[in-house]
$ cat model_36.txt   # compact mmCIF, C-alpha atoms and all ligand atoms
# COMPACT_ATOMS: atom_id res chain seq x y z
CA MET A 1 23.23 18.32 -10.44
CA ILE A 2 23.36 14.63 -9.64
CA THR A 3 25.64 13.24 -6.91
CA ILE A 4 26.27 9.55 -6.45
CA ASN A 5 27.05 7.98 -3.08
CA GLY A 6 30.41 6.19 -3.48
CA PRO A 7 30.38 4.16 -0.25
CA ARG A 8 26.79 3.02 -0.90
CA LEU A 9 27.81 1.94 -4.42
CA LEU A 10 30.84 -0.01 -3.17
CA ASP A 11 28.83 -1.64 -0.35
CA ASP A 12 26.25 -2.95 -2.82
CA LEU A 13 28.93 -4.19 -5.22
CA ARG A 14 30.64 -6.09 -2.40
CA ALA A 15 27.34 -7.48 -1.14
CA LEU A 16 26.54 -8.78 -4.64
CA ALA A 17 30.03 -10.35 -4.86
CA ALA A 18 29.24 -12.49 -1.80
CA PHE A 19 26.81 -14.56 -3.91
CA GLY A 20 28.88 -17.37 -5.40
CA ARG A 21 32.16 -16.07 -4.00
CA TYR A 22 35.09 -18.13 -5.29
CA GLU A 23 38.59 -17.28 -4.08
CA THR A 24 38.95 -13.56 -4.89
CA GLY A 25 36.26 -13.72 -7.58
CA VAL A 26 32.80 -15.10 -8.20
CA ASP A 27 31.43 -18.29 -9.75
CA ARG A 28 27.85 -17.38 -10.62
CA VAL A 29 26.93 -18.89 -13.96
CA ALA A 30 23.39 -18.27 -15.19
CA PHE A 31 20.69 -20.29 -13.39
CA SER A 32 23.09 -21.63 -10.74
CA PRO A 33 21.76 -21.41 -7.17
CA ALA A 34 24.19 -18.51 -6.54
CA ASP A 35 22.99 -16.66 -9.65
CA LEU A 36 19.33 -17.05 -8.71
CA ALA A 37 20.01 -16.02 -5.10
CA ALA A 38 21.85 -12.93 -6.36
CA ARG A 39 18.95 -12.09 -8.65
CA ARG A 40 16.43 -12.41 -5.80
CA TRP A 41 18.66 -10.14 -3.69
CA LEU A 42 18.84 -7.62 -6.54
CA THR A 43 15.02 -7.67 -6.77
CA GLU A 44 14.88 -6.74 -3.07
CA ARG A 45 17.51 -4.00 -3.49
CA PHE A 46 15.63 -2.51 -6.44
CA ALA A 47 12.42 -2.50 -4.37
CA ALA A 48 14.24 -0.95 -1.40
CA ALA A 49 15.30 1.87 -3.74
CA GLY A 50 11.63 2.60 -4.45
CA LEU A 51 11.58 0.90 -7.84
CA LYS A 52 8.81 -1.43 -8.92
CA ALA A 53 10.91 -4.62 -9.03
CA HIS A 54 10.24 -7.72 -11.10
CA LEU A 55 12.12 -11.00 -11.56
CA ASP A 56 11.04 -12.48 -14.87
CA GLY A 57 10.79 -16.04 -16.17
CA PHE A 58 14.31 -15.91 -17.61
CA GLY A 59 15.83 -14.49 -14.42
CA THR A 60 16.19 -10.95 -15.73
CA VAL A 61 15.74 -8.46 -12.89
CA TYR A 62 13.94 -5.26 -13.86
CA GLY A 63 13.20 -2.21 -11.74
CA THR A 64 11.05 0.65 -12.98
CA MET A 65 10.41 4.14 -11.61
CA PRO A 66 6.65 4.19 -11.13
CA GLU A 67 6.33 8.00 -11.10
CA VAL A 68 7.50 8.54 -14.69
CA GLY A 69 6.31 7.51 -18.15
CA LYS A 70 9.64 7.78 -19.95
CA THR A 71 13.05 6.54 -18.88
CA LEU A 72 16.63 5.88 -19.69
CA LEU A 73 17.19 2.16 -19.25
CA ILE A 74 20.49 1.43 -17.49
CA GLY A 75 22.04 -1.91 -16.62
CA SER A 76 24.11 -4.92 -17.63
CA HIS A 77 24.23 -8.54 -16.41
CA SER A 78 24.95 -10.18 -13.05
CA ASP A 79 25.76 -13.72 -14.26
CA THR A 80 29.45 -14.63 -14.62
CA VAL A 81 31.64 -17.12 -16.41
CA PRO A 82 32.79 -20.12 -14.30
CA LYS A 83 35.41 -18.95 -11.76
CA GLY A 84 34.99 -15.38 -13.01
CA GLY A 85 35.56 -11.93 -11.57
CA TRP A 86 33.50 -9.91 -9.09
CA LEU A 87 32.91 -6.89 -11.35
CA ASP A 88 32.29 -7.80 -15.01
CA GLY A 89 28.61 -6.93 -15.63
CA SER A 90 27.77 -6.61 -11.92
CA LEU A 91 29.49 -3.23 -12.01
CA GLY A 92 26.98 -1.96 -14.58
CA VAL A 93 23.99 -3.35 -12.69
CA ILE A 94 24.96 -1.68 -9.40
CA TYR A 95 25.85 1.56 -11.23
CA ALA A 96 22.30 1.56 -12.59
CA LEU A 97 20.81 1.03 -9.13
CA GLU A 98 22.96 3.80 -7.65
CA ILE A 99 22.10 6.19 -10.48
CA ALA A 100 18.36 5.53 -10.01
CA ARG A 101 18.72 6.38 -6.30
CA ALA A 102 20.82 9.47 -6.97
CA PHE A 103 18.43 10.61 -9.70
CA ARG A 104 15.53 10.60 -7.26
CA GLU A 105 17.55 12.23 -4.49
CA ALA A 106 18.44 15.07 -6.87
CA GLY A 107 14.73 15.53 -7.70
CA LEU A 108 15.44 14.81 -11.35
CA SER A 109 12.65 12.26 -11.85
CA GLN A 110 10.13 15.08 -11.29
CA ARG A 111 10.92 16.30 -14.80
CA GLY A 112 9.05 13.33 -16.22
CA ILE A 113 12.01 11.25 -17.41
CA GLY A 114 13.44 8.73 -14.98
CA ILE A 115 15.67 5.68 -14.78
CA ASP A 116 14.76 2.01 -15.22
CA VAL A 117 17.29 -0.55 -14.02
CA VAL A 118 18.00 -4.01 -15.41
CA SER A 119 20.18 -7.08 -14.86
CA PHE A 120 19.87 -9.27 -17.94
CA GLN A 121 20.17 -13.06 -17.71
CA ASP A 122 22.96 -15.22 -19.20
CA GLU A 123 24.96 -12.63 -21.09
CA GLU A 124 27.92 -15.01 -20.78
CA GLY A 125 26.18 -17.75 -22.75
CA THR A 126 26.12 -20.59 -20.22
CA TYR A 127 22.98 -21.66 -22.11
CA LEU A 128 22.38 -18.93 -24.71
CA ALA A 129 24.54 -15.81 -25.03
CA CYS A 130 22.66 -12.58 -24.23
CA LEU A 131 19.52 -14.60 -23.44
CA GLY A 132 18.04 -11.88 -21.22
CA SER A 133 18.68 -8.92 -23.51
CA ARG A 134 17.56 -10.84 -26.60
CA ALA A 135 14.34 -11.93 -24.90
CA PHE A 136 13.83 -8.36 -23.67
CA CYS A 137 14.18 -7.04 -27.22
CA GLY A 138 11.97 -9.75 -28.76
CA ASP A 139 14.91 -11.21 -30.70
CA LEU A 140 14.42 -14.81 -29.51
CA ASP A 141 11.94 -17.32 -30.80
CA ALA A 142 10.61 -20.38 -29.00
CA ALA A 143 12.70 -22.72 -31.18
CA ALA A 144 15.98 -21.07 -30.08
CA ILE A 145 14.96 -21.35 -26.43
CA ALA A 146 13.92 -25.00 -26.88
CA ALA A 147 17.24 -25.84 -28.59
CA ALA A 148 19.56 -24.06 -26.10
CA ARG A 149 21.72 -26.33 -23.97
CA GLY A 150 24.56 -25.92 -21.50
CA LYS A 151 28.00 -27.45 -22.09
CA ASP A 152 26.86 -30.41 -19.98
CA GLY A 153 23.92 -30.96 -22.34
CA ARG A 154 21.33 -29.71 -19.88
CA PRO A 155 18.47 -27.96 -21.72
CA LEU A 156 17.85 -24.30 -20.92
CA THR A 157 14.17 -25.08 -20.38
CA GLU A 158 15.14 -27.52 -17.62
CA ALA A 159 17.37 -24.92 -15.93
CA MET A 160 14.53 -22.40 -16.11
CA ALA A 161 12.04 -24.88 -14.61
CA ALA A 162 14.47 -25.85 -11.83
CA GLY A 163 14.90 -22.15 -11.00
CA LYS A 164 11.14 -21.85 -10.35
CA LEU A 165 11.09 -18.54 -12.20
CA ALA A 166 7.42 -17.80 -12.75
CA GLY A 167 7.42 -14.10 -13.62
CA GLU A 168 6.12 -12.78 -16.93
CA PRO A 169 8.97 -12.00 -19.35
CA VAL A 170 9.89 -8.32 -19.31
CA ARG A 171 9.93 -6.64 -22.71
CA ARG A 172 11.29 -3.39 -23.97
CA ASP A 173 8.72 -0.62 -24.18
CA PRO A 174 9.39 1.70 -27.13
CA ALA A 175 7.06 4.34 -25.67
CA ARG A 176 8.97 4.30 -22.37
CA HIS A 177 12.65 3.51 -23.07
CA LEU A 178 14.36 6.46 -24.72
CA ALA A 179 17.88 5.01 -24.63
CA PHE A 180 20.06 2.31 -23.07
CA LEU A 181 23.25 2.94 -21.10
CA GLU A 182 25.61 0.15 -20.03
CA ALA A 183 28.76 0.41 -17.94
CA HIS A 184 31.24 -2.45 -17.87
CA ILE A 185 34.84 -3.10 -16.97
CA GLU A 186 37.09 -2.85 -20.01
CA GLN A 187 38.29 -6.48 -19.77
CA GLY A 188 41.49 -5.48 -21.54
CA PRO A 189 44.67 -3.45 -20.93
CA ARG A 190 44.16 -0.36 -23.09
CA LEU A 191 42.81 2.12 -20.50
CA GLU A 192 45.48 1.19 -17.99
CA ALA A 193 48.23 1.41 -20.62
CA ALA A 194 46.99 4.86 -21.65
CA GLY A 195 46.71 6.03 -18.03
CA ARG A 196 42.98 6.86 -18.43
CA SER A 197 40.12 6.26 -15.99
CA ILE A 198 37.22 6.40 -18.44
CA GLY A 199 36.65 4.68 -21.77
CA VAL A 200 33.82 5.67 -24.12
CA VAL A 201 32.78 2.90 -26.49
CA GLU A 202 32.21 4.04 -30.07
CA ALA A 203 31.39 0.61 -31.49
CA ILE A 204 31.25 -3.05 -30.58
CA VAL A 205 33.32 -5.10 -32.98
CA GLY A 206 31.95 -7.60 -35.44
CA ILE A 207 33.30 -11.17 -35.57
CA ARG A 208 34.08 -13.62 -38.38
CA ARG A 209 34.96 -17.21 -37.56
CA LEU A 210 36.24 -19.87 -39.93
CA TRP A 211 36.56 -23.60 -39.40
CA LEU A 212 39.17 -25.35 -41.54
CA GLN A 213 39.25 -29.12 -41.91
CA SER A 214 41.83 -31.17 -43.76
CA ALA A 215 41.89 -34.79 -44.88
CA GLY A 216 44.90 -36.81 -46.05
CA GLN A 217 46.20 -40.28 -45.43
CA ALA A 218 47.82 -41.83 -42.36
CA ASP A 219 51.15 -43.39 -43.38
CA HIS A 220 54.35 -44.42 -41.66
CA ALA A 221 56.34 -41.21 -41.23
CA GLY A 222 59.64 -43.08 -41.64
CA THR A 223 58.95 -45.20 -44.70
CA THR A 224 56.73 -42.97 -46.91
CA PRO A 225 58.80 -40.70 -49.20
CA MET A 226 57.95 -37.00 -48.87
CA PRO A 227 56.50 -36.52 -52.39
CA MET A 228 54.15 -39.50 -51.88
CA ARG A 229 52.49 -38.24 -48.71
CA ARG A 230 49.04 -36.73 -48.36
CA ASP A 231 49.80 -34.89 -45.14
CA ALA A 232 46.67 -33.38 -43.56
CA GLY A 233 48.86 -31.17 -41.39
CA GLU A 234 50.39 -29.35 -44.35
CA PRO A 235 47.47 -27.15 -45.48
CA LEU A 236 46.61 -26.14 -41.92
CA LEU A 237 50.20 -25.29 -41.01
CA ARG A 238 50.59 -23.36 -44.25
CA PHE A 239 47.43 -21.43 -43.38
CA ALA A 240 48.77 -20.77 -39.87
CA ALA A 241 52.04 -19.53 -41.38
CA TRP A 242 50.09 -17.21 -43.71
CA VAL A 243 48.17 -15.80 -40.72
CA LEU A 244 51.36 -15.26 -38.70
CA HIS A 245 53.34 -13.67 -41.53
CA ARG A 246 50.77 -12.04 -43.83
CA PHE A 247 47.56 -11.19 -41.98
CA ALA A 248 48.96 -8.11 -40.23
CA ALA A 249 49.67 -6.57 -43.64
CA VAL A 250 46.00 -6.73 -44.68
CA ALA A 251 44.44 -6.10 -41.23
CA GLY A 252 43.35 -2.66 -40.00
CA PRO A 253 44.72 -0.82 -36.95
CA GLN A 254 41.89 -2.16 -34.77
CA THR A 255 41.72 -5.68 -36.16
CA VAL A 256 42.49 -8.54 -33.76
CA TRP A 257 42.74 -12.20 -34.74
CA ASN A 258 43.28 -15.60 -33.21
CA ILE A 259 43.98 -19.18 -34.19
CA GLY A 260 42.17 -20.65 -31.21
CA SER A 261 42.50 -24.33 -31.94
CA LEU A 262 44.66 -26.59 -34.08
CA ALA A 263 44.44 -30.37 -33.93
CA LEU A 264 46.05 -33.18 -35.97
CA GLU A 265 45.00 -36.83 -35.90
CA PRO A 266 45.85 -39.50 -35.12
CA GLY A 267 48.50 -37.38 -33.36
CA ALA A 268 51.62 -39.53 -33.16
CA ALA A 269 55.23 -38.61 -33.90
CA ASN A 270 55.65 -41.46 -36.39
CA VAL A 271 52.33 -41.16 -38.26
CA VAL A 272 51.62 -38.73 -41.10
CA PRO A 273 48.47 -36.79 -40.05
CA ALA A 274 45.29 -38.13 -41.65
CA ARG A 275 42.92 -35.41 -40.49
CA GLY A 276 43.17 -31.95 -39.02
CA SER A 277 41.13 -28.95 -37.97
CA LEU A 278 41.82 -25.32 -37.19
CA SER A 279 39.66 -22.45 -35.96
CA PHE A 280 40.42 -18.88 -36.95
CA GLU A 281 38.57 -15.72 -35.96
CA PHE A 282 39.09 -12.01 -36.51
CA ARG A 283 37.28 -8.96 -35.16
CA ASP A 284 36.97 -5.36 -36.30
CA PRO A 285 34.53 -2.48 -35.71
CA ASP A 286 34.25 -1.83 -39.48
CA ALA A 287 31.84 -4.04 -41.47
CA ALA A 288 33.53 -3.28 -44.82
CA ARG A 289 36.90 -4.20 -43.36
CA LEU A 290 35.51 -7.53 -42.15
CA ASP A 291 34.23 -8.29 -45.66
CA ALA A 292 37.60 -7.38 -47.21
CA LEU A 293 39.49 -9.52 -44.70
CA GLU A 294 37.18 -12.46 -45.30
CA ALA A 295 37.92 -12.21 -49.04
CA GLU A 296 41.69 -12.16 -48.31
CA VAL A 297 41.42 -15.21 -46.06
CA LEU A 298 39.37 -17.17 -48.59
CA ALA A 299 41.84 -16.28 -51.37
CA ALA A 300 44.76 -17.48 -49.23
CA ILE A 301 42.90 -20.73 -48.52
CA ALA A 302 42.30 -21.23 -52.26
CA ASP A 303 46.04 -20.76 -52.92
CA ILE A 304 47.00 -23.22 -50.21
CA ARG A 305 44.49 -25.77 -51.50
CA GLN A 306 46.16 -25.63 -54.93
CA GLY A 307 49.59 -26.41 -53.51
CA CYS A 308 48.77 -29.34 -51.21
CA ARG A 309 48.04 -33.00 -51.87
CA ALA A 310 45.77 -33.23 -48.82
CA ARG A 311 42.21 -31.97 -49.07
CA LEU A 312 41.31 -28.67 -47.38
CA ASP A 313 37.75 -27.53 -46.62
CA ALA A 314 36.91 -24.17 -45.11
CA ALA A 315 33.63 -22.65 -43.94
CA VAL A 316 32.74 -19.31 -42.42
CA THR A 317 30.82 -20.44 -39.32
CA THR A 318 30.09 -17.10 -37.66
CA ARG A 319 29.34 -13.63 -39.01
CA ILE A 320 28.40 -11.16 -36.28
CA ALA A 321 27.97 -7.60 -37.53
CA PRO A 322 29.68 -4.73 -35.71
CA VAL A 323 27.36 -2.30 -33.92
CA ALA A 324 27.93 1.44 -33.68
CA MET A 325 26.98 3.20 -30.45
CA ASP A 326 24.64 6.20 -30.71
CA ALA A 327 26.66 9.31 -31.65
CA ARG A 328 24.71 11.61 -29.32
CA ILE A 329 25.29 9.30 -26.34
CA VAL A 330 28.97 8.87 -27.23
CA GLY A 331 29.26 12.66 -27.20
CA ALA A 332 27.35 12.98 -23.92
CA LEU A 333 29.57 10.37 -22.21
CA ALA A 334 32.76 12.07 -23.39
CA ALA A 335 31.47 15.52 -22.37
CA ALA A 336 30.46 14.29 -18.89
CA ALA A 337 33.87 12.65 -18.45
CA ARG A 338 35.68 15.87 -19.36
CA GLU A 339 33.47 17.96 -17.06
CA LEU A 340 34.51 15.67 -14.20
CA GLY A 341 38.20 16.13 -15.00
CA HIS A 342 38.86 12.99 -17.05
CA ASP A 343 40.44 12.59 -20.46
CA PRO A 344 38.28 9.80 -21.91
CA LEU A 345 39.72 7.21 -24.25
CA MET A 346 37.48 6.60 -27.25
CA LEU A 347 37.63 2.93 -28.20
CA ALA A 348 35.87 -0.05 -29.73
CA SER A 349 34.78 -2.92 -27.53
CA GLY A 350 36.46 -6.14 -28.59
CA ALA A 351 34.01 -8.18 -26.52
CA GLY A 352 30.29 -8.60 -27.03
CA HIS A 353 27.86 -7.01 -24.55
CA ASP A 354 24.13 -6.69 -23.96
CA ALA A 355 24.38 -3.19 -25.49
CA MET A 356 25.11 -4.92 -28.80
CA ILE A 357 21.57 -6.37 -28.68
CA LEU A 358 19.88 -3.21 -27.31
CA ALA A 359 21.59 -0.93 -29.87
CA ARG A 360 19.59 -2.53 -32.68
CA HIS A 361 16.39 -1.30 -31.00
CA MET A 362 17.16 1.99 -29.23
CA PRO A 363 19.96 4.56 -29.01
CA SER A 364 22.64 2.94 -26.84
CA GLY A 365 25.95 3.85 -25.29
CA MET A 366 28.66 2.18 -23.19
CA LEU A 367 31.21 3.35 -20.67
CA PHE A 368 34.30 1.37 -19.60
CA VAL A 369 36.42 1.59 -16.46
CA PRO A 370 39.96 0.15 -16.37
CA SER A 371 40.71 -3.47 -15.57
CA ILE A 372 43.85 -3.83 -13.44
CA GLY A 373 46.44 -5.64 -15.56
CA GLY A 374 43.74 -6.03 -18.23
CA ARG A 375 42.57 -9.13 -16.36
CA SER A 376 38.99 -10.38 -16.69
CA HIS A 377 36.90 -13.57 -16.73
CA ASP A 378 39.19 -14.72 -13.91
CA VAL A 379 39.26 -14.38 -10.13
CA SER A 380 42.11 -11.85 -10.50
CA GLU A 381 39.72 -9.37 -12.18
CA ASP A 382 39.69 -6.02 -10.32
CA THR A 383 39.35 -2.25 -10.73
CA ARG A 384 40.65 0.47 -8.41
CA GLU A 385 37.94 1.78 -6.06
CA GLU A 386 38.45 5.35 -7.20
CA ASP A 387 37.96 4.28 -10.82
CA ILE A 388 34.77 2.39 -9.87
CA VAL A 389 33.34 5.50 -8.21
CA ALA A 390 34.55 7.82 -10.99
CA GLY A 391 32.90 5.70 -13.69
CA CYS A 392 29.55 5.79 -11.88
CA ALA A 393 29.77 9.56 -11.48
CA VAL A 394 30.40 9.99 -15.22
CA LEU A 395 27.51 7.69 -16.15
CA ALA A 396 25.19 9.46 -13.68
CA ARG A 397 26.10 12.86 -15.12
CA THR A 398 25.54 11.53 -18.64
CA ALA A 399 22.11 10.17 -17.66
CA ALA A 400 21.12 13.47 -16.04
CA ARG A 401 22.25 15.41 -19.09
CA LEU A 402 20.45 13.14 -21.57
CA ALA A 403 17.26 13.15 -19.50
CA GLN A 404 17.28 16.94 -19.33
CA GLU A 405 17.92 17.30 -23.08
CA LEU A 406 15.15 14.82 -23.89
CA ALA A 407 12.71 16.48 -21.45
CA ASP A 408 13.43 19.85 -23.05
CA GLY A 409 12.77 18.26 -26.45
ZN ZN B 1 30.19 -8.90 -19.04

$ encode --input "model_36.txt" --output "C-alpha cells" --more "lines below"
Ligand SMILES: [Zn+2]
Amino acid sequence: MITINGPRLLDDLRALAAFGRYETGVDRVAFSPADLAARRWLTERFAAAGLKAHLDGFGTVYGTMPEVGKTLLIGSHSDTVPKGGWLDGSLGVIYALEIARAFREAGLSQRGIGIDVVSFQDEEGTYLACLGSRAFCGDLDAAAIAAARGKDGRPLTEAMAAGKLAGEPVRRDPARHLAFLEAHIEQGPRLEAAGRSIGVVEAIVGIRRLWLQSAGQADHAGTTPMPMRRDAGEPLLRFAAWVLHRFAAVAGPQTVWNIGSLALEPGAANVVPARGSLSFEFRDPDAARLDALEAEVLAAIADIRQGCRARLDAAVTTRIAPVAMDARIVGALAAAARELGHDPLMLASGAGHDAMILARHMPSGMLFVPSIGGRSHDVSEDTREEDIVAGCAVLARTAARLAQELADG
C-alpha cells in the first residue's frame, strides 16, 4: 500500500509559503514576482521528484511521470488572493507532489498507471478566473485572453510578457489523463462544526447573479410630500426586505444567498434617492433548484415594480452551472477515508475550483480538509497539521485504489 511522508509534505508546504509571505499568510497573486518565483521553485521540486517538469506560457506548472502512458492528474493552484492564506490551493499542489513521490516509492507506477502533477495559473481570477485550468482544457479562446485585465486595468497579455514565460501551453491529454483529483481546504466552517477531518465533495455549486438598478427623481426630502415622490430607494429596499423575509421559504437546504452591494445616489440624508443599484446572488448544487429560484426572484421583482413609482430594471448577469463530481471517485474517496479511520462528511463546495473546469472533460473528484474557524482568503487561514497529513493520506490511498482498479480494467 501507499505511505506518504508527513514531515516531507509539511516541509514543502512551508517552503512554498515563504514565497510572498505576508504576516501569517501569503500575498502571491497570479503573475506577481512572488507567484512566478514560487512556480519556478515548484518546477524544480517536480524535477527533483523525478517528474518531467514544465512551466508553460501561462505559468501553469506541470510534472509528468515519464515511465507511464496513463495517469491520474492531481493538483490545484498556487496563486492566492491579495493578502491570502498559506494553504488554499497550495495544499492540493503539494499533496499531488507528495503522492507522486509516494506512488513511486511504493512501486505502484510499475503497473502502468502513474501520477501527473499540476499547479494551474490564476484560479483566483486576478486576470481571468481559472485561467490555467481553462487553457489546459482548451476552454479559452484568444479573444478571452486578449480581453482579460486585472483590477488595475493591466492586460493579461502584458503580465504574461513581463513574466517572460516562454513555455508551450500544456494541454490535457485524453489518452493519458484518466481522472483528475484535487484537494483543497474547505474555506468554510462545516467540517470543524461537525468534528470531521475529511470532506468529500459531491458537487460544486452553480451560481446565479442579478443586478438591479432603479431610477427615480432627486427631490428635497423635507418639502416633497410622500405620495409625490419617485424614490429610487424604495424598490431596492422592498426587494431586500423580500430576500430577508421570504427567500428562505423558497430556498433549498443547501442554498446560500447574498446581497453583496446596495448603493443609493446622490446619497444624502435630505435628498430623495434618484438612482440605486443592488447585487444579489444565490448558489445551489441543483440546477433545477437554481432555475426555480430564479423564477421566484423574477416574479418578486415584477410584483415590486408594479407597486413603486420609481423605475426598476433587473438583469441576470451570471449563470454558472453546478458540476457533479464523478460518482466512482466520490465513492473511492469516502471508502479510503473510512479505511483510514475517518468519518467523511459528504458536502457540496460553495466555492468554485479548478475541478469545476476539469470535471467537464474527465472524471473528477475533490477532497476537503477543515479550515480552522472556517477562515480563508485571509492571513488567518490555517489547518491543523494532523488534518493536513490525514487529508494527503486519504487522497494517496484513493489514487492508489483508482489506479489499481483502472489497471485491472
Ligand atoms: Zn483555491

$ closest_atom_pairs --input "model_36.txt" --of "chain A" --to "ligand ZN 1 (chain B)" --cutoff "12 Å" --atoms "all atoms listed in the file" --output "Markdown table"
| residue | atom | partner | partner_atom | distance |
| --- | --- | --- | --- | --- |
| A:Val29 | CA | B:ZN1 | ZN | 11.7 |
| A:Gly75 | CA | B:ZN1 | ZN | 11.0 |
| A:Ser76 | CA | B:ZN1 | ZN | 7.4 |
| A:His77 | CA | B:ZN1 | ZN | 6.5 |
| A:Ser78 | CA | B:ZN1 | ZN | 8.1 |
| A:Asp79 | CA | B:ZN1 | ZN | 8.1 |
| A:Thr80 | CA | B:ZN1 | ZN | 7.3 |
| A:Val81 | CA | B:ZN1 | ZN | 8.8 |
| A:Gly84 | CA | B:ZN1 | ZN | 10.1 |
| A:Gly85 | CA | B:ZN1 | ZN | 9.7 |
| A:Trp86 | CA | B:ZN1 | ZN | 10.5 |
| A:Leu87 | CA | B:ZN1 | ZN | 8.4 |
| A:Asp88 | CA | B:ZN1 | ZN | 4.7 |
| A:Gly89 | CA | B:ZN1 | ZN | 4.2 |
| A:Ser90 | CA | B:ZN1 | ZN | 7.9 |
| A:Leu91 | CA | B:ZN1 | ZN | 9.1 |
| A:Gly92 | CA | B:ZN1 | ZN | 8.9 |
| A:Val93 | CA | B:ZN1 | ZN | 10.5 |
| A:Ser119 | CA | B:ZN1 | ZN | 11.0 |
| A:Phe120 | CA | B:ZN1 | ZN | 10.4 |
| A:Gln121 | CA | B:ZN1 | ZN | 10.9 |
| A:Asp122 | CA | B:ZN1 | ZN | 9.6 |
| A:Glu123 | CA | B:ZN1 | ZN | 6.7 |
| A:Glu124 | CA | B:ZN1 | ZN | 6.7 |
| A:Gly125 | CA | B:ZN1 | ZN | 10.4 |
| A:Ala129 | CA | B:ZN1 | ZN | 10.7 |
| A:Cys130 | CA | B:ZN1 | ZN | 9.9 |
| A:Glu182 | CA | B:ZN1 | ZN | 10.2 |
| A:Ala183 | CA | B:ZN1 | ZN | 9.5 |
| A:His184 | CA | B:ZN1 | ZN | 6.6 |
| A:Ile185 | CA | B:ZN1 | ZN | 7.7 |
| A:Glu186 | CA | B:ZN1 | ZN | 9.2 |
| A:Gln187 | CA | B:ZN1 | ZN | 8.5 |
| A:Ser349 | CA | B:ZN1 | ZN | 11.4 |
| A:Gly350 | CA | B:ZN1 | ZN | 11.8 |
| A:Ala351 | CA | B:ZN1 | ZN | 8.4 |
| A:Gly352 | CA | B:ZN1 | ZN | 8.0 |
| A:His353 | CA | B:ZN1 | ZN | 6.3 |
| A:Asp354 | CA | B:ZN1 | ZN | 8.1 |
| A:Ala355 | CA | B:ZN1 | ZN | 10.4 |
| A:Met356 | CA | B:ZN1 | ZN | 11.7 |
| A:Met366 | CA | B:ZN1 | ZN | 11.9 |
| A:Phe368 | CA | B:ZN1 | ZN | 11.1 |
| A:Ser376 | CA | B:ZN1 | ZN | 9.2 |
| A:His377 | CA | B:ZN1 | ZN | 8.5 |
| A:Asp378 | CA | B:ZN1 | ZN | 11.9 |
| A:Glu381 | CA | B:ZN1 | ZN | 11.8 |

$ closest_residue --input "model_36.txt" --among "A:Ser380, A:Ser371, A:Thr398, A:Thr43" --to "A:Arg190" --atoms "all atoms listed in the file"
A:Ser371

$ residues_around --input "model_36.txt" --residues "stretch 269-281 of chain A" --least-positions-apart "5" --cutoff "9 Å" --atoms "all atoms listed in the file" --output "JSON, numbers by chain"
{"A": [207, 208, 209, 210, 211, 212, 213, 214, 215, 216, 217, 218, 219, 220, 221, 222, 224, 229, 230, 231, 232, 233, 234, 236, 240, 256, 257, 258, 259, 260, 261, 262, 263, 264, 310, 318]}

$ write_last_selection --input "model_36.txt" --atoms "C-alpha atoms" --output "tab-separated table (two decimals), in the frame of the given file"
chain	number	residue	atom	x	y	z
A	207	ILE	CA	33.30	-11.17	-35.57
A	208	ARG	CA	34.08	-13.62	-38.38
A	209	ARG	CA	34.96	-17.21	-37.56
A	210	LEU	CA	36.24	-19.87	-39.93
A	211	TRP	CA	36.56	-23.60	-39.40
A	212	LEU	CA	39.17	-25.35	-41.54
A	213	GLN	CA	39.25	-29.12	-41.91
A	214	SER	CA	41.83	-31.17	-43.76
A	215	ALA	CA	41.89	-34.79	-44.88
A	216	GLY	CA	44.90	-36.81	-46.05
A	217	GLN	CA	46.20	-40.28	-45.43
A	218	ALA	CA	47.82	-41.83	-42.36
A	219	ASP	CA	51.15	-43.39	-43.38
A	220	HIS	CA	54.35	-44.42	-41.66
A	221	ALA	CA	56.34	-41.21	-41.23
A	222	GLY	CA	59.64	-43.08	-41.64
A	224	THR	CA	56.73	-42.97	-46.91
A	229	ARG	CA	52.49	-38.24	-48.71
A	230	ARG	CA	49.04	-36.73	-48.36
A	231	ASP	CA	49.80	-34.89	-45.14
A	232	ALA	CA	46.67	-33.38	-43.56
A	233	GLY	CA	48.86	-31.17	-41.39
A	234	GLU	CA	50.39	-29.35	-44.35
A	236	LEU	CA	46.61	-26.14	-41.92
A	240	ALA	CA	48.77	-20.77	-39.87
A	256	VAL	CA	42.49	-8.54	-33.76
A	257	TRP	CA	42.74	-12.20	-34.74
A	258	ASN	CA	43.28	-15.60	-33.21
A	259	ILE	CA	43.98	-19.18	-34.19
A	260	GLY	CA	42.17	-20.65	-31.21
A	261	SER	CA	42.50	-24.33	-31.94
A	262	LEU	CA	44.66	-26.59	-34.08
A	263	ALA	CA	44.44	-30.37	-33.93
A	264	LEU	CA	46.05	-33.18	-35.97
A	310	ALA	CA	45.77	-33.23	-48.82
A	318	THR	CA	30.09	-17.10	-37.66

$ atom_distance --input "model_36.txt" --atom1 "atom CA of A:Arg384" --atom2 "atom CA of A:Tyr22"
19.7 Å

$ closest_residue --input "model_36.txt" --among "A:Met160, A:Leu402, A:Leu13, A:Leu73" --to "A:Asp173" --atoms "only C-alpha atoms"
A:Leu73

$ closest_residue --input "model_36.txt" --among "A:Arg401, A:Arg375, A:His342, A:Arg28" --to "A:Gly195" --atoms "all atoms listed in the file"
A:His342

$ closest_residue --input "model_36.txt" --among "A:Pro82, A:Leu140, A:Lys70, A:Ala147" --to "A:Asp27" --atoms "all atoms listed in the file"
A:Pro82

$ atom_distance --input "model_36.txt" --atom1 "atom CA of A:Val170" --atom2 "atom CA of A:Leu9"
25.5 Å

$ closest_residue --input "model_36.txt" --among "A:Ala162, A:Leu156, A:Val369, A:Val379" --to "A:Arg21" --atoms "all atoms listed in the file"
A:Val379

$ closest_residue --input "model_36.txt" --among "A:Ala159, A:Leu131, A:Val26, A:Ile388" --to "A:Lys83" --atoms "all atoms listed in the file"
A:Val26

$ residues_around --input "model_36.txt" --residues "A:Gly59" --least-positions-apart "5" --cutoff "8 Å" --atoms "all atoms listed in the file" --output "list in words"
Phe31, Leu36, Arg39, Phe120, Gln121, Gly132 and Leu165 of chain A

$ atom_distance --input "model_36.txt" --atom1 "atom CA of A:Gly107" --atom2 "atom CA of A:Tyr95"
18.2 Å

$ residues_around --input "model_36.txt" --residues "stretch 1-6 of chain A" --least-positions-apart "4" --cutoff "8 Å" --atoms "all atoms listed in the file" --output "list in words"
Leu10, Glu98, Ile99, Ala102, Phe103, Ala106, Val389, Cys392, Ala393, Ala396, Arg397 and Ala400 of chain A
